[in-house]
file start_28.cif (mmCIF, C-alpha atoms)
data_protein
#
loop_
_atom_site.label_atom_id
_atom_site.label_comp_id
_atom_site.auth_asym_id
_atom_site.auth_seq_id
_atom_site.Cartn_x
_atom_site.Cartn_y
_atom_site.Cartn_z
CA MET G 1 39.02 68.85 90.60
CA LYS G 2 41.03 67.27 93.42
CA ARG G 3 44.62 66.18 93.01
CA ILE G 4 45.08 62.43 93.43
CA ASP G 5 45.76 62.11 97.18
CA PHE G 6 48.46 60.11 98.93
CA ARG G 7 46.04 57.28 99.66
CA LEU G 8 46.30 56.44 95.95
CA GLN G 9 49.61 58.07 95.08
CA ARG G 10 51.41 55.98 97.69
CA TYR G 11 51.39 53.20 95.11
CA ALA G 12 53.55 55.47 92.96
CA VAL G 13 56.25 54.90 95.60
CA LEU G 14 56.32 51.25 94.53
CA ALA G 15 56.80 52.31 90.91
CA LEU G 16 59.55 54.72 91.93
CA ALA G 17 61.33 52.01 93.92
CA SER G 18 61.01 49.70 90.91
CA ALA G 19 62.47 52.46 88.74
CA ALA G 20 65.41 52.98 91.11
CA LEU G 21 66.35 49.29 91.01
CA PHE G 22 65.95 48.98 87.24
CA GLY G 23 67.71 52.29 86.59
CA ALA G 24 70.69 51.16 88.65
CA ALA G 25 70.87 47.93 86.64
CA ALA G 26 71.95 49.63 83.37
CA PRO G 27 75.25 51.09 84.66
CA ALA G 28 75.82 47.91 86.69
CA VAL G 29 75.46 45.76 83.55
CA LYS G 30 77.60 48.05 81.35
CA PRO G 31 81.02 46.72 82.58
CA LEU G 32 79.82 43.14 82.07
CA THR G 33 79.07 43.61 78.35
CA ALA G 34 82.77 43.35 77.50
CA ALA G 35 83.16 39.99 79.22
CA VAL G 36 79.87 38.15 78.57
CA HIS G 37 78.00 37.47 75.30
CA PRO G 38 74.80 39.58 75.12
CA VAL G 39 72.48 36.56 74.95
CA LEU G 40 74.20 34.82 77.87
CA LEU G 41 74.21 38.02 79.92
CA ALA G 42 70.49 38.54 79.28
CA GLY G 43 69.84 34.97 80.42
CA LEU G 44 71.90 35.36 83.60
CA LEU G 45 70.06 38.54 84.53
CA TYR G 46 66.72 36.75 84.44
CA LEU G 47 68.05 33.63 86.13
CA GLY G 48 69.25 35.92 88.92
CA SER G 49 65.75 37.36 89.05
CA PHE G 50 64.26 33.90 89.47
CA LEU G 51 66.75 32.74 92.12
CA GLY G 52 66.42 35.91 94.19
CA LEU G 53 62.63 35.83 94.16
CA ALA G 54 62.57 32.10 94.91
CA LEU G 55 64.49 32.75 98.13
CA VAL G 56 62.12 35.59 99.08
CA ARG G 57 59.09 33.44 98.28
CA ILE G 58 60.35 30.62 100.49
CA ALA G 59 60.84 33.08 103.34
CA ARG G 60 57.33 34.56 102.79
CA ARG G 61 55.24 31.40 102.60
CA ASN G 62 51.86 33.08 103.11
CA THR G 63 51.51 36.03 100.72
CA ALA G 64 47.66 35.99 100.55
CA GLU G 65 47.81 36.47 96.77
CA ALA G 66 45.55 35.08 94.06
CA PRO G 67 47.17 32.26 92.06
CA LEU G 68 47.69 32.45 88.32
CA ALA G 69 44.70 30.97 86.48
CA ARG G 70 44.57 29.11 83.18
CA ARG G 71 43.11 32.18 81.46
CA ASP G 72 46.27 34.11 82.44
CA LEU G 73 48.66 31.82 80.56
CA GLY G 74 48.36 33.52 77.16
CA ALA G 75 49.20 36.96 78.52
CA LEU G 76 51.99 35.52 80.68
CA ALA G 77 53.54 33.69 77.70
CA GLY G 78 53.47 36.85 75.58
CA ALA G 79 55.04 38.89 78.38
CA VAL G 80 57.79 36.31 78.91
CA LEU G 81 58.65 36.13 75.20
CA ALA G 82 58.60 39.88 74.53
CA GLY G 83 59.95 41.26 77.80
CA GLY G 84 61.95 38.33 79.13
CA VAL G 85 63.54 36.61 76.13
CA ILE G 86 63.97 39.20 73.34
CA ALA G 87 64.07 42.64 75.02
CA PRO G 88 67.03 41.95 77.38
CA VAL G 89 69.20 40.77 74.45
CA LEU G 90 68.48 44.00 72.58
CA LEU G 91 69.23 46.04 75.71
CA VAL G 92 72.54 44.31 76.45
CA TRP G 93 73.71 44.66 72.83
CA GLY G 94 72.64 48.31 72.82
CA LEU G 95 74.56 48.94 76.06
CA SER G 96 77.73 47.53 74.48
CA GLY G 97 77.85 50.47 72.04
CA LEU G 98 76.49 53.33 74.16
CA ALA G 99 77.49 55.29 77.23
CA ALA G 100 75.59 53.83 80.17
CA SER G 101 74.24 57.27 81.08
CA SER G 102 72.77 57.79 77.60
CA ALA G 103 71.38 54.26 77.47
CA SER G 104 69.75 54.79 80.86
CA LEU G 105 67.93 57.89 79.64
CA LEU G 106 66.91 56.15 76.41
CA LEU G 107 65.05 53.62 78.57
CA ALA G 108 62.58 56.42 79.33
CA ALA G 109 60.99 55.60 75.96
CA GLU G 110 59.43 52.56 77.65
CA ALA G 111 57.00 54.85 79.50
CA VAL G 112 55.88 56.54 76.28
CA LEU G 113 55.42 53.31 74.38
CA THR G 114 53.57 51.67 77.28
CA ALA G 115 51.09 54.57 77.36
CA LEU G 116 50.63 54.44 73.58
CA LEU G 117 49.91 50.72 73.56
CA ALA G 118 47.67 51.03 76.64
CA ALA G 119 45.53 53.67 74.90
CA LEU G 120 45.53 52.37 71.33
CA PHE G 121 45.28 48.62 71.80
CA PHE G 122 44.23 47.97 75.41
CA ARG G 123 41.64 50.81 75.71
CA GLU G 124 43.07 52.33 78.87
CA ALA G 125 42.09 55.95 79.58
CA VAL G 126 45.14 58.21 79.28
CA ALA G 127 44.68 61.88 80.28
CA PRO G 128 46.17 64.77 78.26
CA ARG G 129 48.62 65.45 81.08
CA ILE G 130 50.01 61.92 80.72
CA TRP G 131 50.37 62.43 76.96
CA LEU G 132 52.37 65.62 77.64
CA ALA G 133 54.57 63.67 80.02
CA ALA G 134 55.05 60.99 77.37
CA ALA G 135 55.96 63.60 74.74
CA ALA G 136 58.61 65.13 77.01
CA ILE G 137 60.15 61.74 77.71
CA LEU G 138 60.07 60.81 74.02
CA GLY G 139 61.89 64.07 73.26
CA ALA G 140 64.57 63.12 75.75
CA GLY G 141 65.04 59.75 74.05
CA ALA G 142 65.23 61.28 70.56
CA LEU G 143 67.80 63.82 71.73
CA LEU G 144 70.05 61.09 73.10
CA ALA G 145 69.60 58.74 70.13
CA TRP G 146 70.53 61.39 67.53
CA SER G 147 74.00 60.72 66.12
CA PRO G 148 74.61 62.86 62.98
CA ARG G 149 78.21 61.69 62.55
CA LEU G 150 77.06 58.19 61.56
CA ALA G 151 75.87 57.12 58.10
CA LEU G 152 72.55 56.44 59.76
CA PRO G 153 71.34 59.47 61.75
CA PHE G 154 70.30 57.26 64.66
CA SER G 155 72.78 54.95 66.35
CA PRO G 156 71.88 51.27 65.77
CA HIS G 157 72.74 50.60 69.41
CA ALA G 158 70.31 53.32 70.44
CA LEU G 159 67.66 51.80 68.17
CA ALA G 160 68.27 48.42 69.83
CA VAL G 161 67.56 49.98 73.23
CA PHE G 162 64.44 51.59 71.75
CA GLY G 163 63.37 48.18 70.41
CA ALA G 164 63.80 46.71 73.89
CA CYS G 165 61.58 49.50 75.24
CA LEU G 166 58.88 48.67 72.67
CA LEU G 167 58.91 45.01 73.69
CA TRP G 168 58.82 45.92 77.38
CA ALA G 169 55.87 48.21 76.65
CA LEU G 170 54.02 45.22 75.19
CA ASP G 171 55.13 43.16 78.17
CA ASN G 172 53.79 45.82 80.58
CA ASN G 173 50.36 45.89 78.97
CA LEU G 174 50.10 42.11 78.88
CA THR G 175 51.19 41.93 82.52
CA ARG G 176 48.62 44.56 83.46
CA ARG G 177 45.92 42.08 82.39
CA ILE G 178 47.11 39.57 85.01
CA SER G 179 48.36 42.04 87.64
CA LEU G 180 45.77 40.90 90.21
CA ALA G 181 47.52 37.52 90.40
CA ASP G 182 50.52 36.79 92.63
CA PRO G 183 53.30 39.19 91.49
CA TYR G 184 55.99 36.82 92.77
CA ALA G 185 54.62 34.00 90.60
CA ILE G 186 54.51 36.28 87.54
CA ALA G 187 58.09 37.48 88.04
CA MET G 188 59.42 34.00 88.87
CA TRP G 189 57.91 32.40 85.77
CA LYS G 190 59.37 35.15 83.63
CA GLY G 191 62.77 34.77 85.27
CA LEU G 192 62.83 31.00 85.00
CA VAL G 193 61.68 30.67 81.39
CA ALA G 194 63.50 33.68 79.95
CA GLY G 195 66.62 32.95 81.98
CA ALA G 196 66.79 29.30 80.98
CA VAL G 197 66.18 29.99 77.26
CA ASN G 198 68.74 32.79 76.89
CA THR G 199 71.35 31.14 79.14
CA ALA G 200 71.17 27.95 77.07
CA LEU G 201 71.46 29.91 73.80
CA GLY G 202 74.25 32.05 75.23
CA LEU G 203 76.28 29.05 76.34
CA ALA G 204 75.93 27.56 72.86
CA LEU G 205 77.14 30.80 71.25
CA ALA G 206 79.95 31.70 73.67
CA PRO G 207 80.51 29.23 76.53
CA ALA G 208 83.52 31.06 78.01
CA ALA G 209 82.75 33.76 80.60
CA PRO G 210 84.48 34.69 83.88
CA GLN G 211 82.89 33.24 87.00
CA SER G 212 82.92 36.67 88.64
CA ALA G 213 80.87 38.05 85.73
CA TRP G 214 78.32 35.25 86.21
CA LEU G 215 77.93 36.08 89.90
CA ALA G 216 77.68 39.81 89.22
CA ALA G 217 75.01 39.26 86.54
CA LEU G 218 72.97 37.03 88.85
CA GLY G 219 73.14 39.64 91.61
CA VAL G 220 72.12 42.50 89.31
CA GLY G 221 69.28 40.36 87.96
CA ALA G 222 67.95 39.55 91.43
CA LEU G 223 67.56 43.23 92.33
CA GLY G 224 67.34 45.14 89.04
CA TYR G 225 64.98 42.68 87.34
CA GLY G 226 63.35 40.43 89.96
CA ALA G 227 62.64 42.81 92.84
CA SER G 228 61.98 45.63 90.38
CA LEU G 229 59.39 43.58 88.48
CA VAL G 230 57.48 42.58 91.63
CA LEU G 231 57.24 46.23 92.69
CA TYR G 232 56.18 47.21 89.16
CA VAL G 233 53.37 44.64 89.06
CA LEU G 234 52.11 45.75 92.48
CA ALA G 235 52.10 49.39 91.36
CA MET G 236 50.34 48.55 88.09
CA ARG G 237 47.63 46.73 90.04
CA TYR G 238 46.55 50.06 91.54
CA LEU G 239 47.68 52.69 89.01
CA GLY G 240 47.12 51.09 85.59
CA ALA G 241 49.73 50.49 82.90
CA ALA G 242 50.18 54.02 81.53
CA ARG G 243 50.60 55.82 84.87
CA THR G 244 52.87 53.17 86.35
CA ALA G 245 55.03 53.50 83.26
CA ALA G 246 55.07 57.29 83.62
CA HIS G 247 56.34 57.01 87.19
CA PHE G 248 58.80 54.35 86.04
CA GLY G 249 60.19 57.05 83.75
CA THR G 250 62.31 58.17 86.72
CA ALA G 251 64.53 55.10 86.17
CA PRO G 252 66.85 57.09 83.86
CA PHE G 253 67.59 59.55 86.68
CA PHE G 254 69.01 56.79 88.84
CA GLY G 255 70.90 55.12 85.99
CA ALA G 256 72.41 58.31 84.61
CA VAL G 257 73.50 59.61 88.02
CA LEU G 258 75.14 56.30 88.91
CA ALA G 259 76.87 56.13 85.52
CA LEU G 260 78.29 59.62 86.00
CA ALA G 261 79.31 58.93 89.60
CA PHE G 262 80.88 55.48 89.27
CA LEU G 263 81.81 55.00 85.59
CA GLY G 264 83.35 58.42 85.11
CA GLU G 265 81.27 59.23 82.03
CA PRO G 266 81.25 62.85 80.77
CA VAL G 267 78.37 65.29 81.19
CA THR G 268 77.30 66.29 77.65
CA PRO G 269 74.76 68.88 76.44
CA ALA G 270 72.56 66.07 75.08
CA LEU G 271 72.64 64.36 78.47
CA ILE G 272 71.67 67.58 80.27
CA GLY G 273 68.82 68.26 77.81
CA GLY G 274 67.55 64.68 78.02
CA PHE G 275 67.69 64.77 81.80
CA ALA G 276 65.69 68.01 81.91
CA LEU G 277 62.99 66.74 79.54
CA THR G 278 62.66 63.49 81.49
CA LEU G 279 62.31 65.50 84.72
CA VAL G 280 59.50 67.59 83.19
CA GLY G 281 57.67 64.47 82.00
CA THR G 282 57.95 62.80 85.39
CA TRP G 283 56.66 65.91 87.20
CA LEU G 284 53.62 66.07 84.89
CA ALA G 285 52.75 62.45 85.66
CA LEU G 286 53.19 62.80 89.42
CA THR G 287 50.92 65.87 89.70
CA GLU G 288 47.90 64.48 87.84
CA ARG G 289 44.32 65.31 88.87
CA HIS G 290 41.59 62.84 87.92
CA GLU G 291 38.11 62.71 89.49
CA HIS G 292 34.64 62.42 87.93
CA MET G 293 31.36 60.57 88.28
CA HIS G 294 31.79 57.02 87.01
CA GLN G 295 29.94 53.72 87.06
CA HIS G 296 31.22 50.31 88.10
CA GLU G 297 29.60 47.37 86.36
CA ALA G 298 29.06 44.08 88.22
CA LEU G 299 32.29 42.10 88.33
CA GLU G 300 33.50 38.85 89.88
CA HIS G 301 37.19 38.06 90.30
CA GLU G 302 39.91 37.16 92.83
CA HIS G 303 42.81 39.20 94.18
CA ARG G 304 44.44 40.42 97.40
CA HIS G 305 42.26 43.12 98.99
CA VAL G 306 40.96 44.86 102.10
CA HIS G 307 37.37 45.92 102.66
CA ASP G 308 37.28 49.46 101.31
CA GLU G 309 34.43 51.23 99.50
CA HIS G 310 34.90 48.96 96.47
CA HIS G 311 34.99 45.73 98.45
CA GLN G 312 31.80 45.27 100.44
CA HIS G 313 30.91 41.59 100.08
CA PRO G 314 29.86 38.66 102.29
CA HIS G 315 32.30 36.06 103.64
CA ARG G 316 32.10 32.37 104.50
CA GLY G 317 34.26 32.87 107.60
CA ASP G 318 37.43 31.03 106.53
CA GLU G 319 39.04 33.78 104.43
CA GLY G 320 41.53 34.79 107.14
CA PRO G 321 42.59 38.27 108.28
CA GLU G 322 42.87 41.21 105.90
CA PRO G 323 44.46 41.66 103.48
CA HIS G 324 43.31 38.35 102.05
CA SER G 325 42.48 36.83 98.68
CA HIS G 326 39.33 35.00 97.63
CA VAL G 327 36.75 35.07 94.85
CA HIS G 328 34.36 37.98 95.43
CA ARG G 329 31.71 39.94 93.56
CA HIS G 330 31.45 43.68 93.00
CA GLU G 331 27.89 44.93 92.62
CA ARG G 332 27.03 47.74 90.24
CA MET G 333 27.89 51.14 91.74
CA ARG G 334 27.95 54.79 90.68
CA HIS G 335 30.01 57.39 92.57
CA SER G 336 32.77 59.99 92.28
CA HIS G 337 36.26 60.00 93.80
CA PRO G 338 39.90 60.43 92.70
CA HIS G 339 41.00 57.27 90.89
CA PHE G 340 43.28 55.68 88.31
CA PRO G 341 42.26 53.40 85.39
CA GLU G 342 43.23 50.18 87.17
CA VAL G 343 41.22 46.96 87.02
CA HIS G 344 38.34 48.35 89.10
CA HIS G 345 38.03 51.49 86.95
CA PRO G 346 38.04 50.44 83.27
CA HIS G 347 35.19 52.83 82.35
CA ARG G 348 35.07 55.06 79.29
CA HIS G 349 35.83 58.79 79.44
#

call {"tool": "encode", "arguments": {"input": "start_28.cif", "output": "structure tokens"}}
result
Amino acid sequence: MKRIDFRLQRYAVLALASAALFGAAAPAVKPLTAAVHPVLLAGLLYLGSFLGLALVRIARRNTAEAPLARRDLGALAGAVLAGGVIAPVLLVWGLSGLAASSASLLLAAEAVLTALLAALFFREAVAPRIWLAAAAILGAGALLAWSPRLALPFSPHALAVFGACLLWALDNNLTRRISLADPYAIAMWKGLVAGAVNTALGLALAPAAPQSAWLAALGVGALGYGASLVLYVLAMRYLGAARTAAHFGTAPFFGAVLALAFLGEPVTPALIGGFALTLVGTWLALTERHEHMHQHEALEHEHRHVHDEHHQHPHRGDEGPEPHSHVHRHERMRHSHPHFPEVHHPHRH
């Protein structure tokens, strides 16, 4: 069986870039937790996401992306509530009581939980190799969350980060359902709604916060949440939810290294063990092989595309140069090639 080639794995680069930005956000947010209320800080991060992406969207007027449709609103609303409103509050509160390096590695649980939800509730095919990767990453999270000196064996701050990961896993799977739509629109709606709700609540709870902390939170949000989310949605469009999440498991590497380098945090045995397990899980996901005979059923939808083997359809003549977006139909087809379980490959295994 062939290894997935670079023609498909290049989309993993988008997931890795997303992971780098999000991983860097945890140590960047850590110093702000002492100065800004968790709810307000969560709101500012997503407002920064919205403002940053709005500027990019204005600069890139023609993105040739499919617009969000009415049928997408339910999944978008669920993703905004779970991943935009509630999860960031849990993360920020968790960060306030954990070392940033440990919290960064705990975020690897998001990959495991995303794969579990994708397989159990959203019927996405997840190969044994991906399950092994998920198990290694889960082991890393459990090692870092264990705190035997407390009355509860697991730190409540660590459990809060784990809860944020669970909500982001739900968010990822809901977003996967609408990933063919404009990723900028998806990320901007999440940033605007989640940012406005949590900022308003945060100001009601604790209106006093240094102006410099506001600006820093907006900047971190623009890159670590906004740009990261756009890259994540683009990767998920081609890789599926579980595999994108597995690649996103590299985020802890970036966060932990930055925390050690710039925050002066100590290197502990638990940190070394968690880092090693996360590295093993990431390697397993990146070296997957998946090819077999499969059948495509007839399908009609709209998204940004070029005319490859899956997109051979007639045109009216006004669609514009490739890549472009328009409603098109896929005829029934049976063939074999390396692939991921993205929207064009939802078949059973």

call {"tool": "closest_residue", "arguments": {"input": "start_28.cif", "among": "G:Ile178, G:Ala256, G:Leu277, G:Ala208", "to": "G:Ala69", "atoms": "only C-alpha atoms"}}
result
G:Ile178

call {"tool": "residues_near_point", "arguments": {"input": "start_28.cif", "point": "(63.0, 52.3, 91.4)", "cutoff": "8 Å", "atoms": "all atoms listed in the file", "output": "mmCIF file with C-alpha atoms, in the coordinates of the input"}}
result
data_model
loop_
_atom_site.group_PDB
_atom_site.id
_atom_site.type_symbol
_atom_site.label_atom_id
_atom_site.label_comp_id
_atom_site.auth_asym_id
_atom_site.auth_seq_id
_atom_site.Cartn_x
_atom_site.Cartn_y
_atom_site.Cartn_z
ATOM 1 C CA LEU G 14 56.320 51.250 94.530
ATOM 2 C CA ALA G 15 56.800 52.310 90.910
ATOM 3 C CA LEU G 16 59.550 54.720 91.930
ATOM 4 C CA ALA G 17 61.330 52.010 93.920
ATOM 5 C CA SER G 18 61.010 49.700 90.910
ATOM 6 C CA ALA G 19 62.470 52.460 88.740
ATOM 7 C CA ALA G 20 65.410 52.980 91.110
ATOM 8 C CA LEU G 21 66.350 49.290 91.010
ATOM 9 C CA PHE G 22 65.950 48.980 87.240
ATOM 10 C CA GLY G 23 67.710 52.290 86.590
ATOM 11 C CA SER G 228 61.980 45.630 90.380
ATOM 12 C CA PHE G 248 58.800 54.350 86.040
ATOM 13 C CA THR G 250 62.310 58.170 86.720
ATOM 14 C CA ALA G 251 64.530 55.100 86.170
ATOM 15 C CA PHE G 254 69.010 56.790 88.840
#

call {"tool": "closest_residue", "arguments": {"input": "start_28.cif", "among": "G:Val280, G:Val230, G:Ala261, G:Val85", "to": "G:Leu47", "atoms": "only C-alpha atoms"}}
result
G:Val85

call {"tool": "residues_near_point", "arguments": {"input": "start_28.cif", "point": "(55.9, 52.7, 86.3)", "cutoff": "8 Å", "atoms": "all atoms listed in the file", "output": "list of chain:residue names"}}
result
G:Ala12, G:Ala15, G:Leu16, G:Ser18, G:Ala19, G:Ala111, G:Tyr232, G:Ala235, G:Met236, G:Ala241, G:Ala242, G:Arg243, G:Thr244, G:Ala245, G:Ala246, G:His247, G:Phe248, G:Gly249

call {"tool": "atom_distance", "arguments": {"input": "start_28.cif", "atom1": "atom CA of G:Thr199", "atom2": "atom CA of G:Ala185"}}
result
20.5 Å

call {"tool": "resolve_selection", "arguments": {"input": "start_28.cif", "expression": "the PyMOL selection byres ((chain G and resi 177) around 12)", "output": "PyMOL selection string"}}
result
chain G and resi 68-69+71-76+78-79+118+122-124+170-176+178-181+186+233+236-237+240-241+342-344+346

call {"tool": "decode", "arguments": {"input": "start_28.cif", "residues": "stretch 232-243 of chain G", "atoms": "N, CA and C atoms", "output": "short mmCIF file (atom, residue, chain, number, x, y, z; two decimals), in the first residue's frame"}}
result
data_model
loop_
_atom_site.label_atom_id
_atom_site.label_comp_id
_atom_site.auth_asym_id
_atom_site.auth_seq_id
_atom_site.Cartn_x
_atom_site.Cartn_y
_atom_site.Cartn_z
N TYR G 232 -6.64 25.91 9.81
CA TYR G 232 -7.20 24.64 10.28
C TYR G 232 -8.39 24.22 9.40
N VAL G 233 -9.27 25.16 9.09
CA VAL G 233 -10.43 24.84 8.26
C VAL G 233 -9.99 24.41 6.86
N LEU G 234 -9.00 25.10 6.30
CA LEU G 234 -8.50 24.73 4.98
C LEU G 234 -7.90 23.32 5.01
N ALA G 235 -7.14 22.99 6.06
CA ALA G 235 -6.57 21.66 6.16
C ALA G 235 -7.65 20.61 6.31
N MET G 236 -8.66 20.89 7.12
CA MET G 236 -9.74 19.93 7.37
C MET G 236 -10.55 19.68 6.11
N ARG G 237 -10.61 20.65 5.23
CA ARG G 237 -11.33 20.48 3.96
C ARG G 237 -10.75 19.32 3.16
N TYR G 238 -9.43 19.12 3.25
CA TYR G 238 -8.77 18.10 2.45
C TYR G 238 -8.36 16.85 3.23
N LEU G 239 -8.22 16.96 4.55
CA LEU G 239 -7.72 15.83 5.34
C LEU G 239 -8.78 15.14 6.19
N GLY G 240 -9.91 15.80 6.43
CA GLY G 240 -10.89 15.27 7.37
C GLY G 240 -10.59 15.74 8.79
N ALA G 241 -11.55 15.55 9.69
CA ALA G 241 -11.42 16.08 11.05
C ALA G 241 -10.36 15.36 11.86
N ALA G 242 -10.36 14.01 11.83
CA ALA G 242 -9.47 13.25 12.69
C ALA G 242 -8.00 13.48 12.33
N ARG G 243 -7.66 13.43 11.05
CA ARG G 243 -6.27 13.56 10.65
C ARG G 243 -5.76 14.99 10.81
#
